[in-house]
Amino acid sequence: MMKSISYFLAFFIFALSACDSPDLKSIEGNKKLLIGKWHRFSIANGYSEFDIDSQYIVFYNQKVGRFGLPYKIENDSLKYLTNNYAAKITDYGDSVLLEGNDSTKATLYRFKEPHVPFKTIPEAKDSLLFASYIAGFDKRLIREFEKAGIKISDGTEKTDL
């Protein structure tokens, strides 16, 4: 009798802890939905591109340059491992909304196959690969600003004084 009570107790504790644990399938699904190449634009932060794999989020924008951070997924949230930023993830198929614990909201748009404009965001800034990436990035940046109604000039236009 005592043996069956201890088995029941062990089973009950296991079942109870399983109920509270996050759904591993859901976590892996959220991580898989983030993997890929993304971009976003905002007037405040400009144009950014993201290269997300299963361990790192690497992004590039004209203000900060290249930056990479390790991350993890917990329940429906993305959390950076090296700082306190976390964001709730809402999946919209071709885009995701990130609602940050710092009151920020960012919508990332997935680059659609086969029109992904880059293979990776290069690390070596003095490489031919990086120069090629920047040339493409600059064109995409200008296009996004122009879509927002902001004309970007290279300074070669004549102005009447």
# chains A, B, ... in the order shown; residues from 1 in each chain; ligands from 1
$ residues_around --residues "segment 85-100 of chain A" --least-positions-apart "5" --cutoff "10 Å" --atoms "only C-alpha atoms" --output "PDB file with N, CA and C atoms, in the first residue's frame"
ATOM      1  N   ASN A  30       8.023  29.033 -32.413  1.00  0.00           N
ATOM      2  CA  ASN A  30       8.280  30.475 -32.401  1.00  0.00           C
ATOM      3  C   ASN A  30       9.691  30.778 -32.871  1.00  0.00           C
ATOM      4  N   LEU A  33       9.798  30.329 -36.635  1.00  0.00           N
ATOM      5  CA  LEU A  33       9.153  31.398 -37.392  1.00  0.00           C
ATOM      6  C   LEU A  33      10.037  32.631 -37.491  1.00  0.00           C
ATOM      7  N   LEU A  34      10.969  32.819 -36.553  1.00  0.00           N
ATOM      8  CA  LEU A  34      11.863  33.976 -36.592  1.00  0.00           C
ATOM      9  C   LEU A  34      13.073  33.774 -37.507  1.00  0.00           C
ATOM     10  N   TRP A  38      14.956  39.529 -42.438  1.00  0.00           N
ATOM     11  CA  TRP A  38      13.864  40.452 -42.153  1.00  0.00           C
ATOM     12  C   TRP A  38      14.312  41.895 -42.375  1.00  0.00           C
ATOM     13  N   HIS A  39      13.353  42.804 -42.471  1.00  0.00           N
ATOM     14  CA  HIS A  39      13.660  44.234 -42.541  1.00  0.00           C
ATOM     15  C   HIS A  39      12.543  45.011 -41.872  1.00  0.00           C
ATOM     16  N   ARG A  40      12.884  46.232 -41.469  1.00  0.00           N
ATOM     17  CA  ARG A  40      11.884  47.134 -40.901  1.00  0.00           C
ATOM     18  C   ARG A  40      12.285  48.570 -41.191  1.00  0.00           C
ATOM     19  N   TYR A  71      20.061  35.052 -28.445  1.00  0.00           N
ATOM     20  CA  TYR A  71      18.697  35.156 -27.925  1.00  0.00           C
ATOM     21  C   TYR A  71      18.145  33.776 -27.616  1.00  0.00           C
ATOM     22  N   LYS A  72      17.016  33.784 -26.924  1.00  0.00           N
ATOM     23  CA  LYS A  72      16.262  32.550 -26.692  1.00  0.00           C
ATOM     24  C   LYS A  72      14.785  32.890 -26.764  1.00  0.00           C
ATOM     25  N   ILE A  73      13.981  31.857 -26.919  1.00  0.00           N
ATOM     26  CA  ILE A  73      12.535  32.006 -26.932  1.00  0.00           C
ATOM     27  C   ILE A  73      11.996  31.372 -25.658  1.00  0.00           C
ATOM     28  N   GLU A  74      11.160  32.101 -24.955  1.00  0.00           N
ATOM     29  CA  GLU A  74      10.455  31.582 -23.786  1.00  0.00           C
ATOM     30  C   GLU A  74       8.985  31.870 -23.986  1.00  0.00           C
ATOM     31  N   ASN A  75       8.191  30.808 -24.032  1.00  0.00           N
ATOM     32  CA  ASN A  75       6.758  30.923 -24.304  1.00  0.00           C
ATOM     33  C   ASN A  75       6.555  31.696 -25.600  1.00  0.00           C
ATOM     34  N   ASP A  76       5.914  32.849 -25.573  1.00  0.00           N
ATOM     35  CA  ASP A  76       5.685  33.632 -26.783  1.00  0.00           C
ATOM     36  C   ASP A  76       6.561  34.879 -26.813  1.00  0.00           C
ATOM     37  N   SER A  77       7.727  34.814 -26.144  1.00  0.00           N
ATOM     38  CA  SER A  77       8.597  35.990 -26.056  1.00  0.00           C
ATOM     39  C   SER A  77      10.018  35.699 -26.509  1.00  0.00           C
ATOM     40  N   LEU A  78      10.625  36.710 -27.095  1.00  0.00           N
ATOM     41  CA  LEU A  78      12.031  36.695 -27.461  1.00  0.00           C
ATOM     42  C   LEU A  78      12.792  37.382 -26.338  1.00  0.00           C
ATOM     43  N   LYS A  79      13.899  36.795 -25.912  1.00  0.00           N
ATOM     44  CA  LYS A  79      14.708  37.408 -24.864  1.00  0.00           C
ATOM     45  C   LYS A  79      16.166  37.379 -25.280  1.00  0.00           C
ATOM     46  N   TYR A  80      16.820  38.554 -25.203  1.00  0.00           N
ATOM     47  CA  TYR A  80      18.258  38.593 -25.444  1.00  0.00           C
ATOM     48  C   TYR A  80      18.972  38.028 -24.229  1.00  0.00           C
ATOM     49  N   LYS A 105       7.525  49.052 -29.949  1.00  0.00           N
ATOM     50  CA  LYS A 105       6.871  48.104 -30.849  1.00  0.00           C
ATOM     51  C   LYS A 105       7.622  48.148 -32.167  1.00  0.00           C
ATOM     52  N   ALA A 106       7.896  46.984 -32.713  1.00  0.00           N
ATOM     53  CA  ALA A 106       8.594  46.905 -33.988  1.00  0.00           C
ATOM     54  C   ALA A 106       7.955  45.811 -34.827  1.00  0.00           C
ATOM     55  N   THR A 107       7.652  46.139 -36.070  1.00  0.00           N
ATOM     56  CA  THR A 107       7.156  45.134 -37.001  1.00  0.00           C
ATOM     57  C   THR A 107       8.281  44.787 -37.955  1.00  0.00           C
ATOM     58  N   LEU A 108       8.637  43.508 -37.987  1.00  0.00           N
ATOM     59  CA  LEU A 108       9.649  43.014 -38.915  1.00  0.00           C
ATOM     60  C   LEU A 108       8.935  42.350 -40.079  1.00  0.00           C
ATOM     61  N   TYR A 109       9.396  42.647 -41.302  1.00  0.00           N
ATOM     62  CA  TYR A 109       8.825  42.070 -42.512  1.00  0.00           C
ATOM     63  C   TYR A 109       9.831  41.093 -43.111  1.00  0.00           C
ATOM     64  N   ARG A 110       9.346  39.896 -43.427  1.00  0.00           N
ATOM     65  CA  ARG A 110      10.218  38.868 -43.987  1.00  0.00           C
ATOM     66  C   ARG A 110      10.509  39.173 -45.449  1.00  0.00           C
ATOM     67  N   PHE A 111      11.793  39.057 -45.834  1.00  0.00           N
ATOM     68  CA  PHE A 111      12.139  39.101 -47.250  1.00  0.00           C
ATOM     69  C   PHE A 111      11.583  37.827 -47.869  1.00  0.00           C
ATOM     70  N   LYS A 112      10.906  37.963 -48.975  1.00  0.00           N
ATOM     71  CA  LYS A 112      10.274  36.817 -49.616  1.00  0.00           C
ATOM     72  C   LYS A 112      11.232  36.141 -50.595  1.00  0.00           C
TER      73      LYS A 112
END
$ closest_residue --among "A:Val58, A:Leu69, A:Leu129, A:Pro122" --to "Asn83 of chain A" --atoms "only C-alpha atoms"
A:Leu69
$ atom_distance --atom1 "atom CA of Gly149 of chain A" --atom2 "atom CA of Ile43 of chain A"
10.5 Å
$ residues_around --residues "Lys125 of chain A" --least-positions-apart "3" --cutoff "12 Å" --atoms "only C-alpha atoms" --output "list of chain:residue names"
A:Tyr60, A:Gly65, A:Arg66, A:Ile121, A:Pro122, A:Leu128, A:Leu129, A:Phe130, A:Ala131, A:Ser132, A:Tyr133, A:Ile134
$ closest_residue --among "A:Gln62, A:Thr120, A:Asn101, A:Ser153" --to "Gly46 of chain A" --atoms "only C-alpha atoms"
A:Gln62
$ select_by_dssp --residues "segment 84-161 of chain A" --states "strand (DSSP E)" --output "ChimeraX atom specification"
/A:86-91,95-100,105-110
$ write_last_selection --atoms "N, CA, C and O atoms" --output "short mmCIF file (atom, residue, chain, number, x, y, z; two decimals), in the first residue's frame"
data_model
loop_
_atom_site.label_atom_id
_atom_site.label_comp_id
_atom_site.auth_asym_id
_atom_site.auth_seq_id
_atom_site.Cartn_x
_atom_site.Cartn_y
_atom_site.Cartn_z
N ALA A 86 13.32 42.09 -23.71
CA ALA A 86 12.46 40.97 -24.04
C ALA A 86 11.27 41.54 -24.82
O ALA A 86 10.91 42.70 -24.65
N ALA A 87 10.70 40.73 -25.70
CA ALA A 87 9.57 41.19 -26.49
C ALA A 87 8.59 40.06 -26.74
O ALA A 87 8.99 38.93 -27.02
N LYS A 88 7.31 40.37 -26.62
CA LYS A 88 6.26 39.42 -26.96
C LYS A 88 6.20 39.34 -28.48
O LYS A 88 6.26 40.36 -29.18
N ILE A 89 6.08 38.13 -29.02
CA ILE A 89 6.06 37.89 -30.47
C ILE A 89 4.63 37.62 -30.90
O ILE A 89 3.95 36.75 -30.35
N THR A 90 4.17 38.37 -31.90
CA THR A 90 2.89 38.09 -32.54
C THR A 90 3.16 37.83 -34.01
O THR A 90 3.71 38.68 -34.71
N ASP A 91 2.81 36.64 -34.47
CA ASP A 91 3.09 36.21 -35.84
C ASP A 91 1.92 36.59 -36.76
O ASP A 91 0.78 36.26 -36.47
N SER A 95 5.02 38.82 -41.50
CA SER A 95 5.59 39.81 -40.59
C SER A 95 5.38 39.34 -39.16
O SER A 95 4.54 38.48 -38.89
N VAL A 96 6.19 39.90 -38.25
CA VAL A 96 6.01 39.65 -36.82
C VAL A 96 6.03 40.99 -36.10
O VAL A 96 6.76 41.90 -36.48
N LEU A 97 5.20 41.09 -35.09
CA LEU A 97 5.18 42.27 -34.24
C LEU A 97 5.92 41.91 -32.96
O LEU A 97 5.64 40.89 -32.34
N LEU A 98 6.89 42.73 -32.59
CA LEU A 98 7.62 42.57 -31.34
C LEU A 98 7.21 43.71 -30.42
O LEU A 98 7.41 44.88 -30.75
N GLU A 99 6.63 43.36 -29.27
CA GLU A 99 6.23 44.36 -28.29
C GLU A 99 7.18 44.25 -27.12
O GLU A 99 7.11 43.30 -26.33
N GLY A 100 8.11 45.22 -27.02
CA GLY A 100 9.20 45.14 -26.07
C GLY A 100 8.83 45.52 -24.65
O GLY A 100 7.88 46.26 -24.41
N LYS A 105 7.53 49.05 -29.95
CA LYS A 105 6.87 48.10 -30.85
C LYS A 105 7.62 48.15 -32.17
O LYS A 105 7.95 49.23 -32.66
N ALA A 106 7.90 46.98 -32.71
CA ALA A 106 8.59 46.91 -33.99
C ALA A 106 7.95 45.81 -34.83
O ALA A 106 7.73 44.70 -34.34
N THR A 107 7.65 46.14 -36.07
CA THR A 107 7.16 45.13 -37.00
C THR A 107 8.28 44.79 -37.96
O THR A 107 8.83 45.67 -38.62
N LEU A 108 8.64 43.51 -37.99
CA LEU A 108 9.65 43.01 -38.92
C LEU A 108 8.94 42.35 -40.08
O LEU A 108 7.99 41.58 -39.88
N TYR A 109 9.40 42.65 -41.30
CA TYR A 109 8.82 42.07 -42.51
C TYR A 109 9.83 41.09 -43.11
O TYR A 109 11.00 41.44 -43.30
N ARG A 110 9.35 39.90 -43.43
CA ARG A 110 10.22 38.87 -43.99
C ARG A 110 10.51 39.17 -45.45
O ARG A 110 9.62 39.51 -46.21
#
$ atom_distance --atom1 "atom CA of Ile152 of chain A" --atom2 "atom CA of Glu123 of chain A"
27.0 Å
$ residues_around --residues "Phe59 of chain A" --least-positions-apart "3" --cutoff "7 Å" --atoms "only C-alpha atoms" --output "CSV table (one decimal) with N, CA, C and O atoms, in the first residue's frame"
chain,number,residue,atom,x,y,z
A,48,SER,N,16.4,49.0,-41.1
A,48,SER,CA,17.2,48.0,-40.5
A,48,SER,C,17.0,46.7,-41.2
A,48,SER,O,15.9,46.4,-41.7
A,49,GLU,N,18.0,45.9,-41.3
A,49,GLU,CA,17.9,44.5,-41.8
A,49,GLU,C,18.4,43.5,-40.7
A,49,GLU,O,19.3,43.8,-40.0
A,50,PHE,N,17.7,42.4,-40.7
A,50,PHE,CA,18.0,41.4,-39.7
A,50,PHE,C,18.3,40.0,-40.3
A,50,PHE,O,17.6,39.6,-41.3
A,51,ASP,N,19.2,39.3,-39.8
A,51,ASP,CA,19.6,38.0,-40.2
A,51,ASP,C,19.5,37.1,-39.0
A,51,ASP,O,20.4,37.2,-38.1
A,66,ARG,N,26.6,47.2,-37.7
A,66,ARG,CA,26.3,45.8,-37.5
A,66,ARG,C,26.3,45.4,-36.0
A,66,ARG,O,27.2,45.8,-35.3
A,67,PHE,N,25.3,44.6,-35.6
A,67,PHE,CA,25.3,44.3,-34.2
A,67,PHE,C,24.6,42.9,-34.1
A,67,PHE,O,23.7,42.6,-34.8
A,68,GLY,N,25.2,42.0,-33.3
A,68,GLY,CA,24.6,40.7,-33.1
A,68,GLY,C,24.5,40.3,-31.7
A,68,GLY,O,25.3,40.6,-30.9
$ atom_distance --atom1 "atom CA of Phe118 of chain A" --atom2 "atom CA of Lys147 of chain A"
20.8 Å
